[in-house]
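Heads up, model.txt below (compact mmCIF, C-alpha atoms):
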```txt
# COMPACT_ATOMS: atom_id res chain seq x y z
CA MET Q 210 62.02 -21.77 28.65
CA LYS Q 211 62.77 -18.94 26.23
CA LEU Q 212 61.59 -21.03 23.27
CA HIS Q 213 58.31 -21.81 25.04
CA THR Q 214 57.74 -18.09 25.74
CA CYS Q 215 58.25 -17.19 22.07
CA ILE Q 216 55.78 -19.82 20.90
CA THR Q 217 53.19 -18.59 23.38
CA LYS Q 218 53.55 -15.01 22.12
CA LEU Q 219 53.14 -16.13 18.49
CA MET Q 220 49.94 -17.96 19.37
CA ILE Q 221 48.50 -14.95 21.16
CA VAL Q 222 49.06 -12.45 18.32
CA PRO Q 223 46.74 -14.15 15.78
CA LEU Q 224 44.04 -14.44 18.39
CA LEU Q 225 44.26 -10.73 19.11
CA PHE Q 226 44.11 -10.01 15.39
CA ILE Q 227 40.99 -12.12 15.00
CA GLY Q 228 39.39 -10.26 17.91
CA VAL Q 229 40.12 -6.90 16.27
CA CYS Q 230 38.54 -8.10 13.00
CA ASP Q 231 35.35 -9.20 14.79
CA ILE Q 232 34.98 -5.83 16.50
CA SER Q 233 35.42 -3.91 13.24
CA ALA Q 234 32.74 -6.07 11.59
CA MET Q 235 30.09 -5.12 14.13
CA ALA Q 236 27.20 -2.94 12.90
CA GLY Q 237 27.47 0.76 13.60
CA THR Q 238 25.24 3.83 13.76
CA ILE Q 239 25.54 6.86 11.49
CA PHE Q 240 23.88 10.02 12.76
CA VAL Q 241 22.26 12.57 10.43
CA PRO Q 242 23.13 15.44 10.43
CA LYS Q 243 25.81 14.98 13.12
CA ASP Q 244 28.07 12.61 11.16
CA VAL Q 245 26.86 13.38 7.62
CA GLN Q 246 24.68 16.22 6.33
CA THR Q 247 22.21 14.25 4.22
CA ILE Q 248 20.38 10.93 4.43
CA GLN Q 249 21.84 9.82 1.09
CA GLU Q 250 25.37 10.44 2.39
CA GLY Q 251 24.51 8.20 5.32
CA ILE Q 252 23.31 5.44 2.98
CA ASP Q 253 26.41 5.75 0.81
CA LYS Q 254 28.66 5.49 3.88
CA ALA Q 255 26.74 2.64 5.56
CA GLN Q 256 27.78 -1.00 5.45
CA GLY Q 257 25.79 -4.16 6.07
CA ASP Q 258 23.49 -4.04 9.12
CA ASP Q 259 24.34 -0.41 9.94
CA THR Q 260 21.67 1.93 11.25
CA ILE Q 261 21.24 5.48 10.00
CA LEU Q 262 19.60 7.50 12.76
CA VAL Q 263 18.01 10.74 11.57
CA SER Q 264 17.31 13.76 13.78
CA PRO Q 265 14.04 15.71 13.44
CA GLY Q 266 13.87 18.01 10.42
CA ARG Q 267 12.78 18.30 6.80
CA TYR Q 268 15.21 16.72 4.35
CA TYR Q 269 14.76 17.69 0.70
CA GLU Q 270 16.05 14.52 -0.92
CA SER Q 271 15.36 11.66 -3.27
CA ILE Q 272 17.17 8.69 -1.74
CA ASN Q 273 18.29 5.32 -3.10
CA PHE Q 274 19.16 2.38 -0.81
CA ASN Q 275 21.54 0.98 -3.45
CA GLY Q 276 20.84 -2.63 -2.48
CA LYS Q 277 22.08 -2.28 1.11
CA ALA Q 278 20.61 -4.27 4.02
CA ILE Q 279 20.56 -1.34 6.42
CA THR Q 280 18.04 0.37 8.70
CA LEU Q 281 16.99 3.97 8.14
CA LYS Q 282 15.25 5.19 11.29
CA SER Q 283 14.08 8.53 12.66
CA GLU Q 284 14.87 9.51 16.24
CA ASN Q 285 11.45 10.97 17.07
CA GLY Q 286 8.95 9.63 14.56
CA PRO Q 287 7.23 10.72 11.35
CA SER Q 288 5.50 13.84 12.67
CA VAL Q 289 8.84 15.65 12.99
CA THR Q 290 11.06 13.81 10.48
CA ILE Q 291 10.18 14.44 6.84
CA ILE Q 292 11.77 13.35 3.58
CA ASP Q 293 10.49 15.87 1.04
CA GLY Q 294 10.74 15.33 -2.71
CA TRP Q 295 9.57 18.84 -3.62
CA ARG Q 296 10.67 19.76 -7.18
CA LEU Q 297 13.09 16.85 -7.42
CA GLY Q 298 11.09 15.10 -10.15
CA ASP Q 299 11.50 11.57 -8.84
CA SER Q 300 10.33 9.02 -6.28
CA VAL Q 301 11.23 10.13 -2.76
CA VAL Q 302 12.60 6.68 -1.82
CA LYS Q 303 13.90 4.01 -4.22
CA CYS Q 304 14.57 0.31 -3.61
CA ILE Q 305 15.52 -0.88 -7.07
CA ASN Q 306 18.59 -3.05 -6.51
CA GLY Q 307 17.22 -6.26 -4.98
CA GLU Q 308 16.74 -5.03 -1.42
CA GLY Q 309 15.16 -7.57 0.93
CA PRO Q 310 13.29 -7.45 4.26
CA SER Q 311 16.52 -6.49 6.09
CA THR Q 312 16.37 -3.14 4.33
CA ARG Q 313 14.17 -1.15 6.70
CA ILE Q 314 12.73 2.34 6.76
CA ASP Q 315 11.10 3.31 10.04
CA GLY Q 316 9.33 6.45 11.20
CA PHE Q 317 9.30 9.06 8.41
CA THR Q 318 6.82 11.27 6.62
CA ILE Q 319 7.39 10.84 2.88
CA THR Q 320 5.86 13.60 0.80
CA ASN Q 321 5.80 15.58 -2.44
CA GLY Q 322 7.15 12.79 -4.64
CA THR Q 323 6.15 12.89 -8.31
CA GLY Q 324 7.30 9.42 -9.34
CA ASN Q 325 10.06 7.93 -11.45
CA ALA Q 326 10.10 8.25 -15.25
CA ASP Q 327 12.71 5.62 -16.13
CA LEU Q 328 10.25 2.77 -16.81
CA TYR Q 329 7.43 4.40 -18.79
CA GLY Q 330 8.58 7.94 -19.52
CA GLU Q 331 7.99 11.41 -18.12
CA ARG Q 332 4.26 11.37 -18.85
CA GLU Q 333 3.70 8.08 -17.04
CA THR Q 334 5.61 8.21 -13.77
CA ILE Q 335 5.34 5.54 -11.07
CA GLY Q 336 5.91 5.31 -7.32
CA GLY Q 337 5.57 8.87 -6.11
CA GLY Q 338 6.63 8.19 -2.52
CA LEU Q 339 8.33 4.77 -2.70
CA LEU Q 340 9.46 2.80 -5.75
CA CYS Q 341 10.23 -0.91 -5.36
CA LEU Q 342 11.50 -2.88 -8.36
CA HIS Q 343 12.46 -6.54 -7.74
CA SER Q 344 12.89 -5.50 -4.11
CA SER Q 345 11.10 -6.28 -0.85
CA PRO Q 346 11.99 -3.78 1.89
CA THR Q 347 10.25 -3.44 5.25
CA VAL Q 348 8.39 -0.17 5.80
CA LEU Q 349 7.29 0.67 9.35
CA ASN Q 350 5.49 3.58 11.03
CA CYS Q 351 5.64 5.86 8.02
CA ILE Q 352 3.23 8.49 6.67
CA PHE Q 353 2.87 8.81 2.88
CA VAL Q 354 1.06 12.05 2.13
CA ASP Q 355 0.60 14.32 -0.90
CA ASN Q 356 2.60 12.19 -3.32
CA GLU Q 357 1.45 11.98 -6.92
CA SER Q 358 2.40 9.92 -9.95
CA SER Q 359 0.88 10.39 -13.37
CA TYR Q 360 0.44 6.65 -13.95
CA LEU Q 361 0.85 3.98 -11.23
CA GLY Q 362 1.27 4.08 -7.46
CA GLY Q 363 0.83 7.58 -6.11
CA ALA Q 364 2.34 6.72 -2.71
CA ILE Q 365 3.93 3.29 -3.33
CA TYR Q 366 4.70 1.16 -6.40
CA ASN Q 367 5.54 -2.51 -5.80
CA GLY Q 368 6.82 -3.95 -9.05
CA GLU Q 369 7.37 -7.52 -10.17
CA ARG Q 370 8.65 -9.84 -7.39
CA SER Q 371 8.42 -7.01 -4.86
CA ASN Q 372 7.04 -8.61 -1.70
CA THR Q 373 7.24 -5.46 0.36
CA ILE Q 374 6.17 -5.52 4.02
CA ILE Q 375 4.20 -2.42 5.06
CA ARG Q 376 3.11 -2.12 8.69
CA SER Q 377 1.52 0.55 10.89
CA CYS Q 378 1.63 3.22 8.19
CA LYS Q 379 -0.75 5.99 7.10
CA ILE Q 380 -1.29 6.51 3.38
CA ARG Q 381 -3.38 9.60 2.72
CA SER Q 382 -4.13 12.26 0.11
CA ASN Q 383 -2.06 10.70 -2.68
CA LYS Q 384 -2.97 10.69 -6.38
CA ALA Q 385 -2.40 8.47 -9.41
CA ASP Q 386 -4.20 7.07 -12.44
CA ARG Q 387 -4.22 3.58 -10.85
CA GLY Q 388 -3.48 2.76 -7.23
CA ALA Q 389 -3.29 6.20 -5.68
CA GLY Q 390 -2.26 4.63 -2.37
CA ILE Q 391 -0.43 1.49 -3.50
CA TYR Q 392 -0.02 -0.22 -6.87
CA ASN Q 393 1.02 -3.90 -6.70
CA THR Q 394 2.02 -5.92 -9.72
CA LYS Q 395 3.09 -9.60 -9.87
CA GLY Q 396 4.17 -9.85 -6.25
CA ALA Q 397 2.94 -10.84 -2.80
CA PRO Q 398 3.22 -7.78 -0.55
CA GLU Q 399 1.91 -7.75 3.02
CA ILE Q 400 0.06 -4.64 4.23
CA ARG Q 401 -0.90 -4.72 7.90
CA ASP Q 402 -2.38 -2.23 10.43
CA THR Q 403 -2.32 0.53 7.82
CA GLU Q 404 -4.81 3.31 7.13
CA PHE Q 405 -5.69 4.46 3.60
CA SER Q 406 -7.63 7.73 3.52
CA ASN Q 407 -8.58 10.43 1.02
CA ASN Q 408 -6.54 9.00 -1.85
CA TYR Q 409 -7.78 9.65 -5.39
CA ALA Q 410 -7.35 7.57 -8.55
CA SER Q 411 -8.35 9.07 -11.89
CA TYR Q 412 -9.03 5.54 -13.20
CA GLY Q 413 -9.30 2.87 -10.48
CA GLY Q 414 -8.13 1.75 -7.06
CA GLY Q 415 -8.24 4.87 -4.92
CA GLY Q 416 -6.59 3.06 -2.02
CA MET Q 417 -4.94 0.13 -3.81
CA TYR Q 418 -4.71 -1.46 -7.25
CA ASN Q 419 -3.59 -5.08 -7.62
CA TYR Q 420 -2.47 -6.38 -11.02
CA GLY Q 421 -1.55 -10.07 -11.18
CA SER Q 422 -0.79 -9.95 -7.46
CA ASN Q 423 -1.35 -11.95 -4.29
CA ALA Q 424 -1.51 -9.15 -1.72
CA SER Q 425 -2.33 -9.77 1.95
CA VAL Q 426 -4.32 -6.92 3.54
CA ILE Q 427 -4.63 -7.45 7.30
CA SER Q 428 -6.35 -5.25 9.91
CA CYS Q 429 -6.35 -2.18 7.67
CA THR Q 430 -8.82 0.69 7.20
CA PHE Q 431 -9.91 2.21 3.88
CA ARG Q 432 -11.71 5.50 4.47
CA LYS Q 433 -12.96 8.13 2.00
CA ASN Q 434 -10.86 6.94 -0.93
CA LYS Q 435 -12.18 7.73 -4.41
CA SER Q 436 -11.80 6.59 -7.98
CA GLN Q 437 -13.15 8.14 -11.12
CA TYR Q 438 -14.07 4.75 -12.56
CA ASN Q 439 -14.12 1.46 -10.53
CA GLY Q 440 -12.83 0.38 -7.13
CA GLY Q 441 -13.08 3.34 -4.79
CA ALA Q 442 -10.91 1.64 -2.17
CA LEU Q 443 -9.47 -1.40 -3.96
CA TYR Q 444 -9.32 -2.61 -7.57
CA ASP Q 445 -8.25 -6.17 -8.43
CA TYR Q 446 -7.22 -7.37 -11.88
CA ASP Q 447 -6.14 -10.99 -12.41
CA SER Q 448 -5.29 -11.15 -8.70
CA THR Q 449 -5.85 -13.58 -5.83
CA GLY Q 450 -5.30 -11.78 -2.56
CA ARG Q 451 -6.67 -11.97 0.95
CA ILE Q 452 -8.44 -9.27 2.96
CA THR Q 453 -8.68 -9.98 6.70
CA LYS Q 454 -10.35 -7.92 9.47
CA THR Q 455 -10.38 -4.82 7.30
CA ILE Q 456 -12.85 -1.94 7.46
CA PHE Q 457 -14.22 -0.03 4.44
CA ASN Q 458 -15.79 3.30 5.34
CA ASN Q 459 -17.32 5.80 2.89
CA ASN Q 460 -15.24 4.95 -0.17
CA VAL Q 461 -16.64 6.03 -3.54
CA ALA Q 462 -16.29 4.82 -7.12
CA MET Q 463 -18.03 6.81 -9.82
CA PHE Q 464 -19.15 3.62 -11.59
CA SER Q 465 -18.82 0.36 -9.66
CA GLY Q 466 -17.38 -1.21 -6.51
CA ASN Q 467 -17.17 1.53 -3.92
CA ALA Q 468 -15.22 -0.75 -1.57
CA VAL Q 469 -13.78 -3.43 -3.87
CA TYR Q 470 -14.05 -3.95 -7.62
CA ARG Q 471 -13.42 -7.49 -8.83
CA GLY Q 472 -11.90 -7.29 -12.28
CA TYR Q 473 -10.75 -9.93 -14.75
CA ARG Q 474 -9.95 -13.37 -13.22
CA SER Q 475 -9.79 -12.09 -9.66
CA ALA Q 476 -10.72 -14.12 -6.59
CA THR Q 477 -9.81 -12.18 -3.49
CA TYR Q 478 -10.74 -13.94 -0.25
CA ILE Q 479 -12.44 -11.59 2.22
CA GLU Q 480 -12.29 -12.88 5.77
CA GLY Q 481 -13.61 -11.62 9.11
CA ILE Q 482 -13.44 -12.93 12.66
CA GLY Q 483 -16.29 -13.06 15.20
CA ASP Q 484 -18.58 -10.06 14.93
CA ASP Q 485 -16.12 -7.90 12.99
CA ASN Q 486 -17.46 -6.62 9.70
CA PHE Q 487 -15.37 -6.12 6.61
CA PHE Q 488 -17.39 -3.12 5.46
CA LYS Q 489 -18.65 -0.17 7.50
CA THR Q 490 -21.27 1.69 5.49
CA VAL Q 491 -24.10 0.45 3.29
CA HIS Q 492 -22.72 1.81 0.04
CA ASP Q 493 -19.22 0.28 0.46
CA THR Q 494 -20.06 -2.43 -2.05
CA VAL Q 495 -18.07 -5.32 -3.50
CA GLU Q 496 -18.79 -5.63 -7.21
CA GLY Q 497 -17.40 -6.78 -10.52
CA THR Q 498 -17.23 -9.84 -12.73
CA GLY Q 499 -14.21 -11.48 -11.14
CA GLY Q 500 -16.04 -13.16 -8.27
CA TYR Q 501 -15.02 -13.17 -4.62
CA MET Q 502 -15.43 -15.16 -1.40
CA VAL Q 503 -16.20 -14.04 2.13
CA ALA Q 504 -15.50 -16.28 5.15
CA ARG Q 505 -17.23 -15.57 8.47
CA GLY Q 506 -17.02 -18.63 10.72
CA ARG Q 507 -20.82 -19.08 10.67
CA ALA Q 508 -23.57 -19.86 8.15
CA VAL Q 509 -23.34 -17.57 5.14
CA GLY Q 510 -25.62 -16.70 2.28
CA ALA Q 511 -26.53 -14.04 -0.24
CA CYS Q 512 -27.10 -10.51 1.07
CA CYS Q 513 -28.74 -7.78 -1.01
CA VAL Q 514 -27.04 -4.46 -0.20
CA GLY Q 515 -28.37 -1.63 -2.35
CA THR Q 516 -28.21 -3.06 -5.85
CA GLY Q 517 -25.30 -5.41 -5.11
CA CYS Q 518 -24.98 -8.87 -3.61
CA LEU Q 519 -22.49 -10.16 -1.02
CA ILE Q 520 -21.91 -13.57 0.58
CA VAL Q 521 -21.95 -12.92 4.36
CA ASP Q 522 -23.60 -14.18 7.54
CA GLU Q 523 -27.04 -12.92 8.58
CA GLN Q 524 -25.81 -10.59 11.34
CA SER Q 525 -23.30 -8.84 9.06
CA CYS Q 526 -25.98 -8.42 6.40
CA VAL Q 527 -28.46 -6.88 8.85
CA GLN Q 528 -25.80 -4.57 10.32
CA ALA Q 529 -25.06 -3.29 6.82
CA GLY Q 530 -28.74 -2.58 6.19
CA GLY Q 531 -29.09 -5.42 3.72
CA SER Q 532 -31.61 -8.17 3.07
CA TRP Q 533 -30.34 -11.71 3.76
CA LEU Q 534 -31.62 -14.48 1.47
CA GLY Q 535 -30.85 -17.32 3.87
CA PRO Q 536 -28.01 -19.81 4.52
CA ASN Q 537 -26.23 -21.27 1.49
CA SER Q 538 -28.16 -19.00 -0.87
CA SER Q 539 -26.29 -17.77 -3.93
CA CYS Q 540 -25.82 -14.36 -5.48
CA ASP Q 541 -26.95 -15.96 -8.72
CA GLU Q 542 -30.44 -15.58 -7.29
CA GLN Q 543 -30.16 -11.83 -6.91
CA VAL Q 544 -31.72 -11.21 -10.32
CA VAL Q 545 -35.07 -12.24 -8.83
CA ALA Q 546 -34.61 -11.76 -5.09
CA CYS Q 547 -32.75 -8.44 -4.80
CA PRO Q 548 -34.67 -5.18 -5.22
CA LYS Q 549 -34.54 -3.42 -8.54
CA PRO Q 550 -32.02 -0.58 -8.65
CA ASN Q 551 -33.08 3.01 -8.34
CA THR Q 552 -32.80 4.26 -11.90
CA SER Q 553 -31.58 7.63 -10.64
CA ASP Q 554 -28.74 6.03 -8.63
CA ILE Q 555 -26.37 5.81 -11.60
CA ASN Q 556 -23.20 4.89 -9.72
CA THR Q 557 -25.11 2.43 -7.47
CA ASP Q 558 -23.77 3.80 -4.20
CA GLY Q 559 -27.20 3.65 -2.56
CA VAL Q 560 -27.61 7.43 -2.64
CA VAL Q 561 -29.00 9.71 -5.34
CA ASP Q 562 -26.69 12.73 -5.16
CA MET Q 563 -24.56 15.18 -7.15
CA MET Q 564 -22.28 12.39 -8.46
CA ASP Q 565 -25.24 10.75 -10.18
CA LEU Q 566 -26.14 14.11 -11.76
CA VAL Q 567 -22.58 14.55 -13.05
CA LEU Q 568 -22.61 11.06 -14.59
CA LEU Q 569 -25.99 11.69 -16.18
CA MET Q 570 -24.83 14.98 -17.72
CA THR Q 571 -21.62 13.32 -18.97
CA SER Q 572 -23.57 10.52 -20.67
CA MET Q 573 -25.91 13.10 -22.26
CA GLU Q 574 -22.95 15.05 -23.62
CA LYS Q 575 -21.42 11.90 -25.11
CA GLY Q 576 -24.79 11.00 -26.65
CA SER Q 577 -25.20 14.41 -28.26
CA ALA Q 578 -21.62 14.28 -29.58
CA ASN Q 579 -22.34 11.00 -31.31
```

Turn the structure described in the file into structure tokens.
Amino acid sequence: MKLHTCITKLMIVPLLFIGVCDISAMAGTIFVPKDVQTIQEGIDKAQGDDTILVSPGRYYESINFNGKAITLKSENGPSVTIIDGWRLGDSVVKCINGEGPSTRIDGFTITNGTGNADLYGERETIGGGLLCLHSSPTVLNCIFVDNESSYLGGAIYNGERSNTIIRSCKIRSNKADRGAGIYNTKGAPEIRDTEFSNNYASYGGGGMYNYGSNASVISCTFRKNKSQYNGGALYDYDSTGRITKTIFNNNVAMFSGNAVYRGYRSATYIEGIGDDNFFKTVHDTVEGTGGYMVARGRAVGACCVGTGCLIVDEQSCVQAGGSWLGPNSSCDEQVVACPKPNTSDINTDGVVDMMDLVLLMTSMEKGSAN
């Protein structure tokens, strides 16, 4: 009897030990600033699957996820929880160590980032608000505002093999040379239910610039974005993405493609459903040499809008104030069928205004200099 009791006790002890190990392995929550003073301290302390829960406040930090599959979440949303990169000379948030979709940032305002200089140098910074290199985090319910990089990705830079998921965010008033809102290169990011507004690119892609990328843009809005050259809202170069149920409203490029500019070897697929329209105003044009396709679920044909040509259905063309050339007609016919451009409308936005005057004066100055 005594021997049987001893054996039973020995069998129970390992089981209890295993139970203790399982409990210790469970994910925990780290509170900022209750448990640690800064967000970065919370990240450094966190282990796999932990959540860092941040109280309302303004946190002057540049944070690095250090490859951890953790969730960084605000308690009360982006309007009251701000990560501020003021005078820190770096990206506000960095995912540069192979982070995947299980690395999540949810509910913050990210502002005043000036980009990272490690890749191209101090004069060509990238990723003012968020820098992703070989990493694919999930970004939810965030506001990127007033970030600026001197080269690529004013708000967000998605580098090679960065298939970042961005959902329900607002990206506004950011600046960069290319991709003031987002710059994507050699990846397949997904951007859904996100608003791009009042971003400015000194070269191209006020809202977004895609280089060698396959970006999915779903149910987004591009409003009042600007570029000094081409692609007021979106600039594609050697890219094959997909734009679905997305609205373009009053975007401006000084030269070509107020909504979308199709650069070298680009073939973005623009898709709408039912009566939804993929552009909002007449001068939100799709232009460039790369070519593009528009799917509508009904008979489509060439539509003259201003001095440009789109492939859409008749109803969409009429709603945009255009002239439809009939089903299965081609934009190759626009040389004869579309109206001749207004010679005073230099940037072909359908309006003769101050921007055309500025371009005219600039061309005159260059001519006199030569």

Leaving out Q:Glu308 and any residue of its chain fewer than 3 positions from it, which residues lie within 6 Å of it when counting only C-alpha atoms, given as a JSON list (two decimals) with C-alpha atoms, keeping the file's coordinate frame?
```
[["chain", "number", "residue", "atom", "x", "y", "z"],
["Q", 276, "GLY", "CA", 20.84, -2.63, -2.48],
["Q", 344, "SER", "CA", 12.89, -5.50, -4.11],
["Q", 345, "SER", "CA", 11.10, -6.28, -0.85],
["Q", 346, "PRO", "CA", 11.99, -3.78, 1.89]]
```

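Interatomic distance, atom CA of Q:Gly441 against atom CA of Q:Tyr470: 7.9 Å.
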
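Closest approach to Q:Ala476 from the set Q:Ile252, Q:Ala236, Q:Leu534, Q:Val495 is made by Q:Val495, with distances taken over only C-alpha atoms.
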
Q.
Would you compute the distance between atom CA of Q:Lys277 and atom CA of Q:Cys378? Give it in Å to one decimal.
A. 22.3 Å

Q. How many Å lie between atom CA of Q:Asn439 and atom CA of Q:Gly413, rounded to one decimal?
A. 5.0 Å

(Q) What's around Q:Asp258 at 10 Å? Count all atoms listed in the file, leave out sequence neighbours fewer than 4 positions away in its own chain, and write the answer as a list of chain:residue names. (A) Q:Ala234, Q:Met235, Q:Ala236, Q:Gly237, Q:Thr238, Q:Lys277, Q:Ala278, Q:Ile279, Q:Thr280, Q:Ser311, Q:Thr312

Q) Looking at only C-alpha atoms, which of Q:Val461, Q:Ala364, Q:Ile352, Q:Ile456 is the one that sits closest to Q:Ala385? A) Q:Ala364

**Q.** Among the residues Q:Ala468, Q:Leu340, Q:Ile292, Q:Leu328, the one that comes closest to Q:Thr430 [using all atoms listed in the file]
**A.** Q:Ala468
